[in-house]
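So the structure is just underneath, and the comments pick up after that.
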Amino acid sequence: MPTLSLTPVWTVILAVGVFLYVALDGFDLGVGMLYRLAPDRPARNLVMNSIAPIWDGNETWLILGSVGLLAAFPVAFAIIVPAVYFPILLMLLSLIFRGLAFEFRYRDAERRTFWDNGFAYGSALAAFAQGIVLGAFIQGFNVEGRHFVGSSFDCFTPFSIFTGVGLACGYALLGAGWLVMKTQGTLQDWARALGRRSLALTVLAIAIVSVWTPLLDAHIEARWFSWPNIALLSPVPIITLVLIWFVWRALERGADFAPFLGSLGLFVMSYIGIAISLWPMIVPGHFTLNEAAASQSTQAFLLVGTLVLLPIIIVYTSWSYWVFRGKVRADIGYH
Amino acid sequence: MHSNAVLLSRIQFAWVIGWHILLPAFTVGLAAFVAYLETAHLVTGRRIYLDLSQFWLRVFAIAFGMGVVTGIVMPFQFGTNWSRFADDAGNIISPLLAYEALTAFFLEASFLGVLLFGRTLVPPRMHVFAAVLVAAGTLFSSFWILAANSWMQTPAGYEVIDGRYFPKDWFDIVFSPSFPYRLAHTVSAFYVTTAFVVLGVGAYTLRCGRAVAEGRLMMKLALFFLLIFVPMQIVLGDAQGLNTLEYQPAKLAAIEGLWDGGRGVPASIIGRPDAAQERNLDEIAIPKLGSLYLTHSWDGAVKGLKDFPPDERPPVAVVYFAFRIMVGIALLMLAVVIVGLFLLRIDRLERSAWYLRLCQVTTCLGFIAVIAGWTTTEVGRQPWTIYGLMRTADSVSPSLTPTDVALSLIGYVLVYLLIYPTGVFLMLRIVWRGPATAHEETPIASLHPAAPIKAALSPAAAPATPEAPT
């Protein structure tokens, strides 16, 4: 065994990569879910144009997350992905409709309503499917040796369906926060109103999942409620409560940026909460991060390029956001 | 393990990759063409380059979007349906896929946004740079995905530990024996495919008589480009064939329809390979010619299919015919290019209505050749996922039942049958409306990117004016 393991580095990179996907495509998908609720067509155009130049880059984090999992923890990829066969299928097909709707809706005026629906329901179903994956992942899989041996339908449980709905609510909150940031006037008021509703639903979902998860698994219960963990981990729920209050206040007082940033904070806290529950497992109950890690050579070969490329990617991605900064304009994007 | 789950998973993979590859076959070349047009506009300041670039960008946006959403499906297939392969070969394949995302996908995505929507938001040079980076991104993407594919075809630089594959030498893995040939042959195929689309659209535009200068320029650019690339592509294909002879002899025997190996083997021109009888029916073959072009000697030794056990032979007929379709198209393409250049030389290109119509028909040739070539190389690899090492039947996710895969396959079939005709129709409609011509340009000068698009959406009523350099 190598003396210096790269597994912790890869754990951090993958964790950050997956979080960036959730945060970035999260708000895209949220915007898509809220899209059909916009008051009229000019408003819908603005809503769509607020993400038209950037959604593709955001979705790329999904590819990086999935092949990053394959690269850093191959056996985890080989167990988890077939175990969530149908949610992945649902997600991929939904993302097809969501992604194509940008161009097709605009070019295919005769069937605009169809593509409007494709955009909205595609976004919602993709979010729902990702939430099912999350719930199934927390619950764990039926594994023998290095393979998933359960049924492809095992992943559909009351808990995973609930996390599906919960994640969709969370994405809606992010989307509303994004729209508050990118719009003005009555459209912004509309986004704020939706933000308040999404926040209420998200808080409810976080609360129920927080109670439900420890009930599923004695290990998770012990992780949170044994002494001294309960004291050491208490900042997680406390900060979450503060953030909820912060987002609510921000929506009330008409702030531009704070609702989005606060919502991102809520996602960070939920993400940390799940990580605490499952640590150090990558396939809950079967493989720890170290056990599932790729060979040292694989980790090193990819790490060299990643350490060079990832900062560059972040620089030019930030630049492309900067190009399209400020309130979304009617003359940029699809018309 | 259910054998039907294997078969259905193979059909599903063929379905999603077959449709997907048509898009890079188009966008890799089109990205380069747009980058060329944008650069030409920046350097010469001629309006026509900008009009053409904006015209093709509309098509590109649709094709690229379809490429993105069907491309995201692909890495997940390794997990959903081929998880044993993912587990056994993940240590080698995964960094290649990850490098594709890191070097190509982010680059393409970020700069595509600027290319499509940022013309008025960034300086002109930056906009051209964005076009160049998108084109470069498509090449980086080809590099890594073909490195991964080539390693599965001609594995190198690995070691086997407990039945799983681990990296030993990354240079050998990335530059596996078939990789340089495959990369050159595939990228060249993508460029040729795009050039035939440009040629066909140029011919259509000329025939419509609305944007004559634009149509002529498209045809000229395509023909001169193809003059170099079609012959080169044939040479590259031959080189890849010789590489296959060395590293994948069973595939080559299937391509040649060669059952009995030995010295001085014949070249099968056309016939019907029959796997049960282990011979070709109704065959036209030329004695000794096979040895000549495969080994450059009348008496060169070549392995035949019978030199391999039946369970290590690919489905011969599929490979045999796919290869012949590809080669036939290459020869047809060469003829189209030679005739076109001749007509151009004697200044009869625009008046030769039959040739313009022919070019419209040959628009799709490249796509058929790409699918045929892909079928040759991928079906020719069977029955292996990793040639000679890991069988396709041992690569499937063990948890899948035939019903599971049938359901997902139905989903992919229905969705692709909806989106591909729609996408093609929408691209065709852009072509039918044609590029904007000089008289429609005033809105761009006043920096409203919306206007030319709107102009293109409503048939222009303004009278045509001669092309004016700006």
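Identifiers for the structure tokens are assigned positionally: chains receive A, B, ... in sequence, residues are indexed from 1 per chain, and ligands are indexed from 1 in the order shown.
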
Worksheet item: Within 9 Å of B:Arg279, counting only C-alpha atoms, which residues qualify if same-chain residues fewer than 4 places away don't, as number ranges by chain?
Response: B: 257-260, 272-275

Item to complete: Using only C-alpha atoms, find which residues of chain B lie within 6 Å of chain A and jot them down as number ranges by chain.
Response: B: 69, 79-80, 83, 86-87, 90-91, 94-95, 98, 106, 109-110, 113, 117, 399

Discussion item. With only C-alpha atoms as the counted atoms, please give the residues lying no more than 9 Å from stretch 192-209 of chain B, apart from itself and same-chain residues fewer than 2 positions off, as a PyMOL selection string.
Written reply: chain B and resi 25-30+33+187-190+211-223+225-226+229-230+233+333+350+353+355-367+369-370+431-432+434-435

Discussion item. Env of B:Arg324: 10 Å cut, atoms = only C-alpha atoms, seq-sep filter 2 positions within chain, self excluded. Answer as a VMD selection string.
Written reply: chain B and resid 255 to 256 269 to 270 319 to 322 326 to 330 369 372 to 373 376

Emit the selected residues as a PDB file, in the first residue's frame, including C-alpha atoms.
```pdb
ATOM      1  CA  ILE B 255     -13.833  -6.868 -43.043  1.00  0.00           C
ATOM      2  CA  GLU B 256     -12.239  -8.810 -45.910  1.00  0.00           C
ATOM      3  CA  ILE B 269     -15.121  -7.398 -53.813  1.00  0.00           C
ATOM      4  CA  ILE B 270     -18.685  -8.348 -52.972  1.00  0.00           C
ATOM      5  CA  VAL B 319     -18.760  -5.940 -40.578  1.00  0.00           C
ATOM      6  CA  TYR B 320     -18.294  -7.025 -44.198  1.00  0.00           C
ATOM      7  CA  PHE B 321     -21.178  -4.966 -45.566  1.00  0.00           C
ATOM      8  CA  ALA B 322     -20.649  -1.942 -43.295  1.00  0.00           C
ATOM      9  CA  MET B 326     -18.104   3.047 -46.184  1.00  0.00           C
ATOM     10  CA  VAL B 327     -15.622   2.430 -48.986  1.00  0.00           C
ATOM     11  CA  GLY B 328     -18.302   2.775 -51.648  1.00  0.00           C
ATOM     12  CA  ILE B 329     -19.299   6.145 -50.234  1.00  0.00           C
ATOM     13  CA  ALA B 330     -15.668   7.267 -50.163  1.00  0.00           C
ATOM     14  CA  ALA B 369     -20.197   6.645 -43.985  1.00  0.00           C
ATOM     15  CA  ALA B 372     -20.873   2.441 -41.479  1.00  0.00           C
ATOM     16  CA  GLY B 373     -17.312   3.024 -40.312  1.00  0.00           C
ATOM     17  CA  THR B 376     -17.217  -1.750 -38.903  1.00  0.00           C
TER      18      THR B 376
END
```

Discussion item. Quick check, in Å to one decimal: how far apart do atom CA of B:Leu407 and atom CA of B:Gly67 lie?
Written reply: 23.2 Å

Fill in: Proximity to B:Ala148 - best of B:Ile161, B:Ala239, B:Ala89, B:Ala130, only C-alpha atoms
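Of the candidates, the smallest distance to B:Ala148 is held by B:Ala89.
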
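Of the listed residues (B:Glu312, B:Glu159, B:Asp404, B:Asp347), B:Glu312 comes nearest to B:Gly380; the distances count only C-alpha atoms.
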
Worksheet entry | Selection near B:Met66, 9 Å with only C-alpha atoms, sequence-local residues under 3 positions removed, as a list in words | Ile96, Gly99 and Leu100 of chain A; His20, Leu23, Ala61, Ile62, Ala63, Val69, Thr70, Gly71, Ile419, Tyr420 and Gly423 of chain B

Worksheet item: Hey, what does DSSP flag as alpha helix (DSSP H) within stretch 14-193 of chain B? Can you give it to me as number ranges by chain?
Response: B: 14-44, 47-80, 83-100, 106-117, 124-153, 170-174, 179-193

Please, could you write that set of residues out with C-alpha atoms as a short mmCIF file (atom, residue, chain, number, x, y, z; two decimals), in the first residue's frame?
```
data_model
loop_
_atom_site.label_atom_id
_atom_site.label_comp_id
_atom_site.auth_asym_id
_atom_site.auth_seq_id
_atom_site.Cartn_x
_atom_site.Cartn_y
_atom_site.Cartn_z
CA ALA B 14 -25.80 0.90 -30.30
CA TRP B 15 -28.97 2.99 -30.39
CA VAL B 16 -27.75 5.81 -28.14
CA ILE B 17 -24.19 5.93 -29.50
CA GLY B 18 -25.33 5.59 -33.12
CA TRP B 19 -27.59 8.60 -32.87
CA HIS B 20 -25.16 10.54 -30.75
CA ILE B 21 -22.17 10.10 -33.08
CA LEU B 22 -24.07 11.78 -35.92
CA LEU B 23 -23.90 15.03 -33.97
CA PRO B 24 -20.15 15.23 -33.29
CA ALA B 25 -19.76 14.05 -36.90
CA PHE B 26 -21.39 17.36 -37.78
CA THR B 27 -20.44 19.74 -34.94
CA VAL B 28 -16.71 18.99 -34.87
CA GLY B 29 -16.48 20.14 -38.46
CA LEU B 30 -19.07 22.89 -38.20
CA ALA B 31 -17.34 24.42 -35.18
CA ALA B 32 -14.14 24.61 -37.21
CA PHE B 33 -16.04 26.09 -40.17
CA VAL B 34 -17.66 28.75 -37.98
CA ALA B 35 -14.29 29.55 -36.43
CA TYR B 36 -12.89 29.91 -39.96
CA LEU B 37 -15.75 32.20 -41.02
CA GLU B 38 -15.48 34.34 -37.90
CA THR B 39 -11.72 34.66 -38.36
CA ALA B 40 -12.13 35.47 -42.04
CA HIS B 41 -14.64 38.16 -41.13
CA LEU B 42 -12.32 39.65 -38.54
CA VAL B 43 -9.37 39.67 -40.94
CA THR B 44 -11.08 40.77 -44.18
CA ARG B 47 -19.84 41.02 -44.65
CA ILE B 48 -20.43 37.72 -46.39
CA TYR B 49 -18.34 35.81 -43.85
CA LEU B 50 -20.38 37.23 -41.00
CA ASP B 51 -23.67 36.39 -42.74
CA LEU B 52 -22.53 32.86 -43.34
CA SER B 53 -21.23 32.48 -39.82
CA GLN B 54 -24.50 33.66 -38.33
CA PHE B 55 -26.41 31.36 -40.64
CA TRP B 56 -24.37 28.32 -39.67
CA LEU B 57 -24.36 29.31 -36.00
CA ARG B 58 -28.15 28.91 -35.98
CA VAL B 59 -27.76 25.39 -37.31
CA PHE B 60 -24.82 24.73 -35.00
CA ALA B 61 -26.78 25.77 -31.90
CA ILE B 62 -29.38 23.08 -32.58
CA ALA B 63 -26.89 20.36 -33.48
CA PHE B 64 -24.64 21.17 -30.56
CA GLY B 65 -27.53 21.23 -28.10
CA MET B 66 -28.63 17.82 -29.34
CA GLY B 67 -25.04 16.60 -29.07
CA VAL B 68 -24.84 17.76 -25.45
CA VAL B 69 -28.04 16.14 -24.24
CA THR B 70 -27.46 12.85 -26.08
CA GLY B 71 -23.81 12.92 -25.00
CA ILE B 72 -24.67 13.10 -21.30
CA VAL B 73 -26.47 9.79 -21.75
CA MET B 74 -23.23 8.09 -22.77
CA PRO B 75 -21.03 8.00 -19.63
CA PHE B 76 -24.03 6.85 -17.61
CA GLN B 77 -24.40 3.82 -19.90
CA PHE B 78 -21.11 2.52 -18.49
CA GLY B 79 -22.74 2.51 -15.08
CA THR B 80 -26.33 1.58 -15.76
CA SER B 83 -21.11 -1.86 -14.59
CA ARG B 84 -18.82 -4.92 -14.69
CA PHE B 85 -16.82 -3.24 -17.39
CA ALA B 86 -16.84 -0.03 -15.31
CA ASP B 87 -15.55 -1.91 -12.28
CA ASP B 88 -12.94 -3.98 -14.13
CA ALA B 89 -11.61 -1.27 -16.46
CA GLY B 90 -12.56 1.86 -14.49
CA ASN B 91 -9.00 2.45 -13.32
CA ILE B 92 -7.89 2.86 -16.91
CA ILE B 93 -10.88 4.24 -18.81
CA SER B 94 -12.13 6.78 -16.28
CA PRO B 95 -9.29 9.34 -16.38
CA LEU B 96 -9.64 9.48 -20.17
CA LEU B 97 -13.34 10.27 -19.83
CA ALA B 98 -12.66 12.75 -17.04
CA TYR B 99 -10.02 14.50 -19.11
CA GLU B 100 -12.58 14.81 -21.89
CA PHE B 106 -16.36 23.00 -19.99
CA LEU B 107 -14.46 24.87 -22.67
CA GLU B 108 -17.13 24.23 -25.29
CA ALA B 109 -20.00 25.04 -22.94
CA SER B 110 -18.61 28.30 -21.55
CA PHE B 111 -17.47 29.70 -24.86
CA LEU B 112 -20.50 28.49 -26.78
CA GLY B 113 -22.62 30.76 -24.56
CA VAL B 114 -20.38 33.68 -25.51
CA LEU B 115 -20.34 32.64 -29.18
CA LEU B 116 -24.12 32.40 -29.43
CA PHE B 117 -25.23 35.24 -27.20
CA PRO B 124 -14.91 41.24 -31.72
CA ARG B 125 -11.54 39.57 -31.17
CA MET B 126 -12.82 37.89 -28.03
CA HIS B 127 -15.85 36.65 -29.93
CA VAL B 128 -13.64 35.12 -32.62
CA PHE B 129 -11.48 33.63 -29.90
CA ALA B 130 -14.59 32.04 -28.40
CA ALA B 131 -15.37 30.45 -31.77
CA VAL B 132 -11.82 29.11 -32.02
CA LEU B 133 -11.98 27.70 -28.49
CA VAL B 134 -15.29 25.93 -29.17
CA ALA B 135 -13.71 24.35 -32.27
CA ALA B 136 -10.62 23.40 -30.27
CA GLY B 137 -12.84 21.94 -27.56
CA THR B 138 -14.51 19.60 -30.05
CA LEU B 139 -11.06 18.34 -31.04
CA PHE B 140 -9.94 17.82 -27.44
CA SER B 141 -13.15 15.89 -26.91
CA SER B 142 -12.44 13.69 -29.94
CA PHE B 143 -8.92 13.10 -28.69
CA TRP B 144 -9.92 11.73 -25.30
CA ILE B 145 -13.00 9.75 -26.25
CA LEU B 146 -11.12 8.11 -29.11
CA ALA B 147 -8.21 7.39 -26.78
CA ALA B 148 -10.68 5.53 -24.55
CA ASN B 149 -12.23 3.74 -27.50
CA SER B 150 -8.83 2.84 -28.97
CA TRP B 151 -7.68 1.37 -25.69
CA MET B 152 -10.73 -0.91 -25.76
CA GLN B 153 -9.80 -1.88 -29.33
CA TRP B 170 -0.22 6.02 -19.10
CA PHE B 171 1.50 7.01 -22.31
CA ASP B 172 0.92 3.52 -23.70
CA ILE B 173 -2.70 3.62 -22.53
CA VAL B 174 -3.51 6.98 -24.11
CA PHE B 179 -5.19 5.49 -31.45
CA PRO B 180 -3.22 7.76 -33.84
CA TYR B 181 -4.85 6.11 -36.86
CA ARG B 182 -8.33 6.12 -35.37
CA LEU B 183 -8.05 9.75 -34.26
CA ALA B 184 -6.87 10.95 -37.66
CA HIS B 185 -9.37 8.84 -39.59
CA THR B 186 -12.32 9.82 -37.38
CA VAL B 187 -11.65 13.55 -37.15
CA SER B 188 -11.01 13.67 -40.88
CA ALA B 189 -14.30 11.80 -41.39
CA PHE B 190 -16.12 14.41 -39.28
CA TYR B 191 -14.60 17.24 -41.31
CA VAL B 192 -15.49 15.56 -44.60
CA THR B 193 -19.04 14.93 -43.36
#
```

Worksheet item: Do you have the atom CA of B:Trp82-atom CA of B:Ser397 distance handy?
Response: 5.1 Å

Item to complete: Figure out the distance between atom CA of B:Leu7 and atom CA of B:Leu281, please, to one decimal in Å.
Response: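 For atom CA of B:Leu281 relative to atom CA of B:Leu7, the distance reads 27.4 Å.
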
Worksheet item: What residues in stretch 5-211 of chain A get the DSSP label strand (DSSP E)? Please answer as a ChimeraX atom specification.
Response: /A:143-144,147-148

Print the selection's residues with C-alpha atoms to a file, as a PDB file, in the first residue's frame.
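part33.pdb written:
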```
ATOM      1  CA  VAL A 143     -24.482  -5.628  -2.538  1.00  0.00           C
ATOM      2  CA  GLU A 144     -22.625  -8.903  -2.976  1.00  0.00           C
ATOM      3  CA  HIS A 147     -21.784  -5.780  -7.464  1.00  0.00           C
ATOM      4  CA  PHE A 148     -25.280  -4.536  -6.863  1.00  0.00           C
TER       5      PHE A 148
END
```

Discussion item. Neighbouring residues of A:Phe137 were defined as those with any atom within 12 Å, considering only C-alpha atoms; residues of the same chain fewer than 5 positions away were excluded. Please report them as an NGL selection string.
Written reply: :A and (76-77 or 79-84 or 87 or 130-132 or 142 or 154-157 or 159-160 or 163-164 or 213 or 274-275 or 277-278 or 281-286)

Discussion item. Just checking: using only C-alpha atoms, which residue out of A:Ala38, A:Leu199, A:Leu14, A:Ala218 ends up closest to A:Leu174?
Written reply: A:Leu199
